[in-house]
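J.: See upload.csv below, with CSV, C-alpha atoms.
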```
chain,number,residue,atom,x,y,z
A,3,MET,CA,0.0,0.0,0.0
A,4,SER,CA,1.4,3.4,-0.9
A,5,GLU,CA,0.1,6.4,0.9
A,6,GLY,CA,-0.3,9.6,-1.1
A,7,THR,CA,2.1,12.5,-0.7
A,8,SER,CA,2.0,16.1,-1.8
A,9,ASN,CA,1.1,16.9,-5.4
A,10,PRO,CA,4.2,16.4,-7.4
A,11,THR,CA,3.5,19.3,-9.7
A,12,GLU,CA,3.5,21.8,-6.8
A,13,VAL,CA,6.7,23.5,-5.7
A,14,SER,CA,6.5,24.4,-2.1
A,15,PRO,CA,8.2,27.6,-0.7
A,16,ARG,CA,10.6,25.4,1.2
A,17,MET,CA,11.6,23.6,-2.0
A,18,ARG,CA,12.2,27.0,-3.7
A,19,GLU,CA,14.3,28.0,-0.8
A,20,PHE,CA,16.2,24.7,-1.0
A,21,GLN,CA,16.8,25.4,-4.7
A,22,THR,CA,18.4,28.8,-3.8
A,23,GLU,CA,20.5,27.2,-1.1
A,24,VAL,CA,21.7,24.5,-3.4
A,25,ASP,CA,22.5,27.0,-6.2
A,26,SER,CA,24.6,29.0,-3.7
A,27,LEU,CA,26.7,26.0,-2.6
A,28,LYS,CA,30.4,26.1,-3.6
A,29,VAL,CA,31.1,22.8,-5.4
A,30,SER,CA,34.8,21.8,-5.1
A,31,GLY,CA,34.4,18.3,-6.5
A,32,GLY,CA,36.2,17.0,-3.4
A,33,LYS,CA,38.8,14.3,-3.1
A,34,ALA,CA,37.7,10.7,-2.5
A,35,ASN,CA,41.1,9.7,-1.2
A,36,PRO,CA,42.8,12.8,0.3
A,37,GLU,CA,45.9,10.9,1.5
A,38,ARG,CA,46.8,9.5,-1.9
A,39,ASN,CA,48.2,12.7,-3.4
A,40,GLY,CA,50.4,13.2,-0.3
A,41,MET,CA,51.8,9.7,-0.4
A,42,ILE,CA,52.5,10.1,-4.2
A,43,ALA,CA,54.2,13.4,-3.6
A,44,GLY,CA,56.3,11.8,-0.8
A,45,ALA,CA,57.3,8.9,-3.0
A,46,VAL,CA,58.2,11.2,-5.9
A,47,LEU,CA,60.5,13.3,-3.7
A,48,MET,CA,62.2,10.1,-2.3
A,49,VAL,CA,62.9,8.9,-5.9
A,50,ALA,CA,64.1,12.4,-6.8
A,51,ALA,CA,66.5,12.4,-3.8
A,52,VAL,CA,68.0,9.1,-5.0
A,53,VAL,CA,68.5,10.5,-8.6
A,54,VAL,CA,70.0,13.8,-7.3
A,55,ALA,CA,72.3,11.8,-5.0
A,56,ILE,CA,73.5,9.6,-7.9
A,57,VAL,CA,74.1,12.8,-10.0
A,58,ALA,CA,76.0,14.3,-7.1
A,59,TYR,CA,78.2,11.2,-6.7
A,60,SER,CA,79.0,11.0,-10.5
A,61,THR,CA,79.8,14.7,-10.5
A,62,THR,CA,82.3,14.5,-7.7
A,63,HIS,CA,83.7,11.1,-8.8
A,64,SER,CA,84.4,12.0,-12.3
A,65,SER,CA,86.2,15.3,-11.6
A,66,THR,CA,89.3,16.5,-9.9
A,67,ASN,CA,88.1,20.1,-9.9
A,68,THR,CA,87.3,21.4,-6.4
A,69,ALA,CA,84.5,23.6,-7.8
A,70,ASP,CA,82.8,20.4,-9.1
A,71,TRP,CA,83.3,18.8,-5.7
A,72,ALA,CA,81.5,21.8,-4.1
A,73,ASP,CA,78.7,21.5,-6.6
A,74,GLY,CA,78.5,17.8,-5.8
A,75,ALA,CA,78.4,18.5,-2.1
A,76,ALA,CA,75.6,21.0,-2.6
A,77,LEU,CA,73.6,18.5,-4.7
A,78,GLY,CA,74.2,15.9,-2.0
A,79,THR,CA,72.8,18.2,0.6
A,80,ILE,CA,69.7,18.8,-1.6
A,81,ALA,CA,69.3,15.1,-2.0
A,82,ILE,CA,69.3,14.6,1.8
A,83,VAL,CA,66.7,17.4,2.2
A,84,LEU,CA,64.5,15.9,-0.5
A,85,GLY,CA,64.9,12.5,1.1
A,86,ILE,CA,63.9,13.7,4.5
A,87,VAL,CA,60.9,15.8,3.2
A,88,GLY,CA,59.8,13.0,0.9
A,89,SER,CA,59.9,10.2,3.6
A,90,THR,CA,58.2,12.5,6.1
A,91,LEU,CA,55.4,13.2,3.7
A,92,PHE,CA,55.1,9.5,2.7
A,93,PHE,CA,55.0,8.2,6.3
A,94,ALA,CA,52.8,11.0,7.6
A,95,PHE,CA,50.1,10.5,4.9
A,96,GLY,CA,50.4,6.7,5.2
A,97,LEU,CA,49.9,6.9,9.0
A,98,ARG,CA,46.9,9.3,8.5
A,99,ARG,CA,45.3,6.8,6.1
A,100,TYR,CA,46.0,3.9,8.5
A,101,LEU,CA,44.4,5.9,11.4
A,102,ARG,CA,41.4,6.7,9.3
A,103,TYR,CA,40.8,3.0,8.6
A,104,TRP,CA,41.4,2.2,12.3
A,105,LEU,CA,38.9,4.9,13.4
A,106,ILE,CA,36.2,3.5,10.9
A,107,ARG,CA,36.8,0.0,12.1
A,108,LEU,CA,36.6,1.1,15.8
A,109,ILE,CA,33.3,2.9,15.1
A,110,TYR,CA,31.8,-0.2,13.4
A,111,GLU,CA,33.0,-2.4,16.3
A,112,ILE,CA,31.4,-0.1,18.9
A,113,ARG,CA,28.2,0.0,16.9
A,114,GLY,CA,28.3,-3.8,16.5
A,115,ASN,CA,28.6,-4.2,20.3
A,116,GLU,CA,25.7,-1.8,21.1
B,1,MET,CA,9.9,18.0,-12.3
B,2,THR,CA,13.6,18.0,-11.3
B,3,ALA,CA,14.6,15.3,-8.7
B,4,VAL,CA,15.5,16.7,-5.3
B,5,LEU,CA,18.3,14.1,-5.1
B,6,GLU,CA,19.8,12.0,-7.8
B,7,LEU,CA,22.8,9.6,-7.8
B,8,ARG,CA,24.3,8.8,-11.2
B,9,SER,CA,26.7,5.9,-11.6
B,10,LEU,CA,28.0,6.7,-8.2
B,11,ARG,CA,31.1,5.0,-6.9
B,12,ALA,CA,32.4,5.7,-3.4
B,13,GLY,CA,34.1,4.0,-0.5
B,14,TYR,CA,36.6,4.2,2.2
B,15,GLY,CA,40.1,5.1,1.1
B,16,THR,CA,41.1,2.9,-1.8
B,17,ILE,CA,38.2,0.4,-1.3
B,18,ASP,CA,35.0,1.2,-3.1
B,19,VAL,CA,31.8,-0.1,-1.5
B,20,LEU,CA,29.4,1.5,-4.0
B,21,HIS,CA,29.9,0.3,-7.5
B,22,GLY,CA,27.8,2.5,-9.8
B,23,VAL,CA,24.6,3.4,-7.9
B,24,ASP,CA,21.7,5.1,-9.7
B,25,LEU,CA,18.9,6.4,-7.6
B,26,THR,CA,16.4,9.2,-7.8
B,27,LEU,CA,14.4,11.0,-5.0
B,28,GLU,CA,11.5,13.1,-6.3
B,29,PRO,CA,10.0,16.0,-4.3
B,30,GLY,CA,7.6,14.8,-1.6
B,31,GLU,CA,8.5,11.2,-2.3
B,32,VAL,CA,9.3,8.5,0.3
B,33,HIS,CA,11.9,6.3,-1.3
B,34,ALA,CA,12.8,3.1,0.6
B,35,LEU,CA,16.3,1.8,0.0
B,36,LEU,CA,16.3,-1.8,1.1
B,37,GLY,CA,19.0,-4.5,1.3
B,38,PRO,CA,20.7,-6.8,3.6
B,39,ASN,CA,23.5,-5.9,6.0
B,40,GLY,CA,26.7,-4.7,4.3
B,41,SER,CA,25.0,-3.9,0.9
B,42,GLY,CA,26.1,-0.3,1.0
B,43,LYS,CA,22.9,1.5,2.2
B,44,THR,CA,24.4,3.5,5.0
B,45,SER,CA,27.4,4.4,2.7
B,46,THR,CA,24.9,5.7,0.2
B,47,LEU,CA,23.3,8.0,2.8
B,48,ALA,CA,26.8,9.1,3.9
B,49,VAL,CA,27.5,10.2,0.3
B,50,CYS,CA,24.1,12.0,0.1
B,51,SER,CA,24.8,13.9,3.3
B,52,GLY,CA,28.4,14.8,2.2
B,53,GLN,CA,30.3,12.6,4.7
B,54,ILE,CA,31.9,10.6,1.9
B,55,VAL,CA,33.2,12.1,-1.3
B,56,PRO,CA,32.4,10.0,-4.4
B,57,SER,CA,35.3,8.6,-6.2
B,58,ALA,CA,33.3,8.6,-9.5
B,59,GLY,CA,29.8,9.4,-10.7
B,60,GLU,CA,27.7,12.3,-9.7
B,61,VAL,CA,25.5,13.5,-6.8
B,62,LEU,CA,22.8,16.0,-7.9
B,63,MET,CA,20.5,18.1,-5.9
B,64,ASN,CA,17.7,19.9,-7.7
B,65,GLY,CA,19.6,19.2,-10.9
B,66,ARG,CA,23.0,20.6,-9.7
B,67,VAL,CA,26.1,18.4,-9.3
B,68,ILE,CA,27.2,18.8,-5.7
B,69,ASN,CA,30.2,16.4,-5.5
B,70,GLY,CA,32.6,17.4,-2.7
B,71,VAL,CA,30.3,19.8,-0.9
B,72,ALA,CA,31.0,19.6,2.9
B,73,ALA,CA,28.4,17.9,5.2
B,74,HIS,CA,27.8,21.0,7.3
B,75,GLU,CA,27.0,23.1,4.1
B,76,LEU,CA,24.5,20.4,2.9
B,77,ALA,CA,23.0,20.4,6.4
B,78,ARG,CA,22.6,24.1,6.4
B,79,ALA,CA,21.0,23.9,2.9
B,80,GLY,CA,18.4,21.5,4.2
B,81,VAL,CA,19.8,17.9,3.9
B,82,CYS,CA,19.3,16.2,7.2
B,83,LEU,CA,20.5,12.7,8.2
B,84,ILE,CA,19.2,10.8,11.2
B,85,PRO,CA,21.9,8.2,11.7
B,86,GLU,CA,21.5,4.6,12.9
B,87,GLY,CA,21.7,4.7,16.7
B,88,ARG,CA,19.7,8.0,16.8
B,89,GLY,CA,22.5,10.2,17.9
B,90,VAL,CA,20.7,12.0,20.7
B,91,PHE,CA,22.6,13.4,23.6
B,92,PRO,CA,22.0,10.7,26.3
B,93,ASN,CA,23.0,12.8,29.3
B,94,LEU,CA,20.7,15.8,28.4
B,95,THR,CA,17.0,16.0,28.9
B,96,VAL,CA,14.5,16.1,26.1
B,97,THR,CA,14.2,19.9,26.4
B,98,GLU,CA,17.9,20.3,26.4
B,99,ASN,CA,18.3,18.1,23.3
B,100,LEU,CA,15.7,20.3,21.5
B,101,ARG,CA,17.5,23.4,22.7
B,102,MET,CA,20.7,22.1,21.2
B,103,ALA,CA,18.9,21.4,17.9
B,104,SER,CA,17.5,25.0,17.9
B,105,TYR,CA,21.1,26.4,17.9
B,106,GLY,CA,21.6,25.2,14.4
B,107,SER,CA,18.1,26.1,13.2
B,108,LYS,CA,16.5,29.3,11.9
B,109,ALA,CA,13.5,28.6,14.1
B,110,SER,CA,13.4,29.7,17.7
B,111,PHE,CA,13.6,27.2,20.6
B,112,ALA,CA,9.9,27.8,21.4
B,113,ASP,CA,9.0,26.9,17.8
B,114,VAL,CA,11.2,23.9,17.8
B,115,GLN,CA,9.8,22.6,21.0
B,116,ALA,CA,6.2,23.3,20.0
B,117,ARG,CA,6.6,21.4,16.7
B,118,ALA,CA,8.3,18.5,18.4
B,119,PHE,CA,5.4,18.2,21.0
B,120,GLU,CA,2.9,18.6,18.2
B,121,VAL,CA,4.3,15.8,16.1
B,122,PHE,CA,5.2,13.6,19.1
B,123,PRO,CA,3.0,14.4,22.0
B,124,ARG,CA,4.7,11.7,24.1
B,125,LEU,CA,7.8,13.9,24.2
B,126,ARG,CA,5.9,16.6,26.1
B,127,GLU,CA,5.4,14.1,29.0
B,128,ARG,CA,9.1,13.2,28.9
B,129,ARG,CA,10.4,16.7,28.5
B,130,LYS,CA,12.3,16.7,31.8
B,131,GLN,CA,13.6,13.2,31.4
B,132,VAL,CA,17.2,12.5,30.5
B,133,ALA,CA,17.2,11.1,26.9
B,134,GLY,CA,19.5,8.2,27.7
B,135,THR,CA,16.9,6.8,30.1
B,136,MET,CA,14.0,6.9,27.6
B,137,SER,CA,12.9,3.9,25.5
B,138,GLY,CA,14.4,3.4,22.1
B,139,GLY,CA,11.2,4.5,20.4
B,140,GLU,CA,11.1,7.7,22.4
B,141,GLN,CA,14.8,8.4,21.6
B,142,GLN,CA,14.0,7.9,17.9
B,143,MET,CA,11.1,10.4,18.3
B,144,LEU,CA,13.5,12.9,19.8
B,145,ALA,CA,16.0,12.3,17.0
B,146,MET,CA,13.3,13.0,14.5
B,147,SER,CA,12.2,16.1,16.3
B,148,ARG,CA,15.7,17.4,16.3
B,149,ALA,CA,15.9,16.8,12.6
B,150,LEU,CA,12.6,18.6,12.0
B,151,ALA,CA,14.0,21.5,13.9
B,152,THR,CA,16.3,22.2,11.1
B,153,GLU,CA,13.4,22.5,8.7
B,154,PRO,CA,14.9,20.0,6.2
B,155,ALA,CA,14.0,19.7,2.5
B,156,VAL,CA,15.5,16.3,2.3
B,157,LEU,CA,15.4,13.8,5.2
B,158,LEU,CA,17.8,10.8,5.2
B,159,LEU,CA,16.7,8.1,7.7
B,160,ASP,CA,19.0,5.3,8.5
B,161,GLU,CA,17.5,2.1,10.0
B,162,LEU,CA,14.6,3.8,11.8
B,163,SER,CA,13.3,0.5,13.1
B,164,MET,CA,16.5,-0.7,14.6
B,165,GLY,CA,15.9,-2.3,18.0
B,166,LEU,CA,12.3,-1.0,18.2
B,167,ALA,CA,9.0,-2.9,18.9
B,168,PRO,CA,6.8,-3.3,15.8
B,169,LEU,CA,4.1,-1.0,17.2
B,170,ILE,CA,6.5,1.8,17.8
B,171,VAL,CA,8.0,1.3,14.3
B,172,GLU,CA,4.5,1.6,12.8
B,173,GLU,CA,3.8,4.7,14.8
B,174,LEU,CA,7.1,6.3,13.6
B,175,TYR,CA,6.4,5.4,10.0
B,176,THR,CA,2.9,7.0,10.2
B,177,ARG,CA,4.7,10.2,11.2
B,178,VAL,CA,7.1,9.8,8.3
B,179,ALA,CA,4.2,9.5,5.9
B,180,ASP,CA,2.6,12.6,7.5
B,181,LEU,CA,5.9,14.5,6.9
B,182,ALA,CA,6.0,13.4,3.3
B,183,ARG,CA,2.5,14.6,2.7
B,184,GLY,CA,3.7,18.0,4.0
B,185,GLY,CA,6.2,18.1,1.1
B,186,LEU,CA,9.3,16.7,2.7
B,187,SER,CA,11.4,14.3,0.5
B,188,ILE,CA,12.5,11.3,2.4
B,189,LEU,CA,15.1,8.6,1.6
B,190,ILE,CA,14.8,5.7,4.1
B,191,VAL,CA,17.4,3.0,4.5
B,192,GLU,CA,16.0,-0.2,6.0
B,193,GLN,CA,17.0,-3.8,6.5
B,194,PHE,CA,13.5,-4.9,7.5
B,195,ALA,CA,11.2,-4.0,4.6
B,196,GLN,CA,7.6,-4.7,5.5
B,197,THR,CA,6.6,-1.6,7.5
B,198,VAL,CA,8.5,0.9,5.3
B,199,LEU,CA,7.0,-0.5,2.1
B,200,GLU,CA,3.6,0.5,3.5
B,201,VAL,CA,4.5,4.2,3.6
B,202,ALA,CA,7.0,4.3,0.7
B,203,THR,CA,6.0,5.7,-2.7
B,204,ARG,CA,9.0,4.1,-4.4
B,205,ALA,CA,11.5,1.5,-3.3
B,206,SER,CA,14.8,0.1,-4.5
B,207,ILE,CA,16.8,-3.0,-3.6
B,208,MET,CA,20.5,-2.7,-3.0
B,209,LEU,CA,23.0,-5.6,-3.1
B,210,HIS,CA,26.8,-5.6,-3.0
B,211,GLY,CA,26.9,-1.8,-3.6
B,212,ARG,CA,24.5,-1.8,-6.6
B,213,ILE,CA,20.9,-1.0,-7.1
B,214,VAL,CA,19.5,-4.3,-8.4
B,215,GLY,CA,15.8,-3.4,-8.6
B,216,SER,CA,13.6,-0.3,-8.4
B,217,GLY,CA,9.9,0.2,-8.6
B,218,THR,CA,6.7,0.6,-6.7
B,219,PRO,CA,6.5,-0.9,-3.2
B,220,GLN,CA,4.3,-3.7,-4.5
B,221,GLU,CA,6.8,-4.6,-7.3
B,222,ILE,CA,9.7,-4.5,-4.9
B,223,SER,CA,7.8,-6.5,-2.2
B,224,ASN,CA,7.5,-9.3,-4.8
B,225,GLU,CA,11.2,-9.2,-5.7
B,226,LEU,CA,12.5,-8.8,-2.2
B,227,ALA,CA,12.8,-12.5,-1.1
B,228,SER,CA,14.7,-13.6,-4.2
B,229,ALA,CA,16.9,-10.5,-4.1
B,230,TYR,CA,17.9,-11.1,-0.4
B,231,LEU,CA,18.5,-14.8,-1.1
B,232,GLY,CA,20.8,-14.0,-4.0
B,233,GLY,CA,18.3,-15.0,-6.7
B,234,ALA,CA,17.1,-13.2,-9.9
B,235,HIS,CA,19.5,-10.3,-10.1
B,236,GLN,CA,22.8,-12.0,-9.4
```
Now that the file is in, can you turn its structure into structure tokens?
T.:
Amino acid sequence: MSEGTSNPTEVSPRMREFQTEVDSLKVSGGKANPERNGMIAGAVLMVAAVVVAIVAYSTTHSSTNTADWADGAALGTIAIVLGIVGSTLFFAFGLRRYLRYWLIRLIYEIRGNE
Amino acid sequence: MTAVLELRSLRAGYGTIDVLHGVDLTLEPGEVHALLGPNGSGKTSTLAVCSGQIVPSAGEVLMNGRVINGVAAHELARAGVCLIPEGRGVFPNLTVTENLRMASYGSKASFADVQARAFEVFPRLRERRKQVAGTMSGGEQQMLAMSRALATEPAVLLLDELSMGLAPLIVEELYTRVADLARGGLSILIVEQFAQTVLEVATRASIMLHGRIVGSGTPQEISNELASAYLGGAHQ
């Protein structure tokens, strides 16, 4: 049995108001998996650190010029910084994702025990 | 007429795991749409997407014809999308009056109006107004949860497992109120695991299984399909 509802052709004042409210919403599109980009950025930085470190090694190894050694040392420092920043980003976003799952699981377990 | 709420090929989930695999669903103005399905089929996750708590990974959520993917839950609530979660979500250590006062803080209506409307729709709450919510029966808590939702003057009401843990008579009474609200123009999407009572007040129903809508139609049509769908029959 279906009970009747309001006339579907009528638009109530509340619905008109709702239309206005919906039209004024700022739509961002959102991100379904917000940690993903952070983890990718972290991984890219770690790979970049390794590449820069190899370049720095080959620069210093293949030269007897102290200026090149200085360049290599600078590149090596950049590689270390990139590695630290990249690994921090990767582990921070990874931990965030893990904690999100943990929280969801905890909520479901609590609900299940109610 | 434009649908108040529409989901198109919606995919969503938790992190990298999708639990909704292409959901299509429409809620017309003033309609009571019952979304039925067994435990773990994705009904609550669908409501979470509709209320802005989960961002879709693909597909579209439309309200009044506008795509609203990614809009924050509090902004949707302010616009008039109200979710009553499973477990009711009342403040158990506050009295009925205090719960209604809390609801009035987020509402355009005054506390007096919120309380008057709550007592009009659910007269039993008037008798319990000084009682701490946590000591009330499950049915009375559900009435309070619905009253708090109505305080926000919603345009779309999302109800999650209204009947959970309640006696059949109370469930019937609550669904009578739901039908009254729909007659007043409110559009209602109800998620239910137990179908019988909700099909009596619904104008349309859908069956959800494994994150997909596998059947949609009038309550009578869905009632006939329900047993085979739950037992993994025709639509698998």
J.: Hey, what's within 9 Å of Ser104 (chain B) if we count all atoms listed in the file and toss same-chain stuff fewer than 4 positions away? As JSON, numbers by chain, please?
T.: {"B": [99, 100, 108, 109, 110, 111, 112, 113, 114, 115, 148, 151, 152]}
J.: Given the point (10.8, 9.2, -1.6) in the file's coordinates, find the residues that have an atom at most 9 Å from it, counting all atoms listed in the file, and give them as a PyMOL selection string.
T.: chain B and resi 26-34+182+186-190+202-205
J.: Using all atoms listed in the file, can you tell me which of B:Leu76, B:Ile84, B:Ala155, B:Ile17 comes closest to Arg18 (chain A)?
T.: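 Checking each of B:Leu76, B:Ile84, B:Ala155, B:Ile17 against Arg18 (chain A), counting all atoms listed in the file, the winner is B:Ala155.
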J.: Using all atoms listed in the file, collect all residues at a distance of at most 8 Å from (54.7, 14.0, 1.9) as written in the file, then present them as a PDB file with C-alpha atoms, keeping the file's coordinate frame.
T.:
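Written file, part.pdb:
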```pdb
ATOM      1  CA  GLY A  40      50.400  13.200  -0.300  1.00  0.00           C
ATOM      2  CA  MET A  41      51.800   9.700  -0.400  1.00  0.00           C
ATOM      3  CA  ILE A  42      52.500  10.100  -4.200  1.00  0.00           C
ATOM      4  CA  ALA A  43      54.200  13.400  -3.600  1.00  0.00           C
ATOM      5  CA  GLY A  44      56.300  11.800  -0.800  1.00  0.00           C
ATOM      6  CA  ALA A  45      57.300   8.900  -3.000  1.00  0.00           C
ATOM      7  CA  VAL A  87      60.900  15.800   3.200  1.00  0.00           C
ATOM      8  CA  GLY A  88      59.800  13.000   0.900  1.00  0.00           C
ATOM      9  CA  SER A  89      59.900  10.200   3.600  1.00  0.00           C
ATOM     10  CA  THR A  90      58.200  12.500   6.100  1.00  0.00           C
ATOM     11  CA  LEU A  91      55.400  13.200   3.700  1.00  0.00           C
ATOM     12  CA  PHE A  92      55.100   9.500   2.700  1.00  0.00           C
ATOM     13  CA  PHE A  93      55.000   8.200   6.300  1.00  0.00           C
ATOM     14  CA  ALA A  94      52.800  11.000   7.600  1.00  0.00           C
ATOM     15  CA  PHE A  95      50.100  10.500   4.900  1.00  0.00           C
TER      16      PHE A  95
END
```
J.: Quick check, in Å to one decimal: how far apart do CA of Leu169 (chain B) and CA of Ser228 (chain B) lie?
T.: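 Separating CA of Leu169 (chain B) from CA of Ser228 (chain B) is a distance of 27.0 Å.
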J.: Distance cut-off 6 Å, counting all atoms listed in the file - which residues of chain B neighbour chain A? Return them as a list in words.
T.: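 Output check: Gly15, Gly30, Val55, Pro56, Ser57, Ile68, Asn69, Gly70, Val71, Ala79, Ala182, Arg183, Gly185, Glu200, Val201, Ala202 and Thr203 of chain B.
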J.: Could you please determine the separation between CA of Arg177 (chain B) and CA of Glu161 (chain B) in Å, to one decimal place?
T.: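 The value is 15.2 Å.
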J.: Grab the CA of Met1 (chain B) to CA of Cys82 (chain B) distance for me, in Å with one decimal place.
T.: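 Those two atoms sit 21.7 Å apart.
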J.: Could you tell me which of A:Trp71, A:Ala58, A:Leu105, A:Gly96 comes closest to Asn39 (chain A) if we count all atoms listed in the file?
T.: A:Gly96
J.: From the list B:Met208, B:Leu199, B:Leu174, B:Leu159, which residue is nearest Glu221 (chain B) when using all atoms listed in the file?
T.: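 Among the listed residues, the smallest separation from Glu221 (chain B) belongs to B:Leu199.
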J.: For Val132 (chain B), which of B:Asp180, B:Glu98, B:Glu120, B:Glu153 is the closest residue, counting all atoms listed in the file?
T.: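 Once distances to Val132 (chain B) are computed over all atoms listed in the file, the minimum belongs to B:Glu98.
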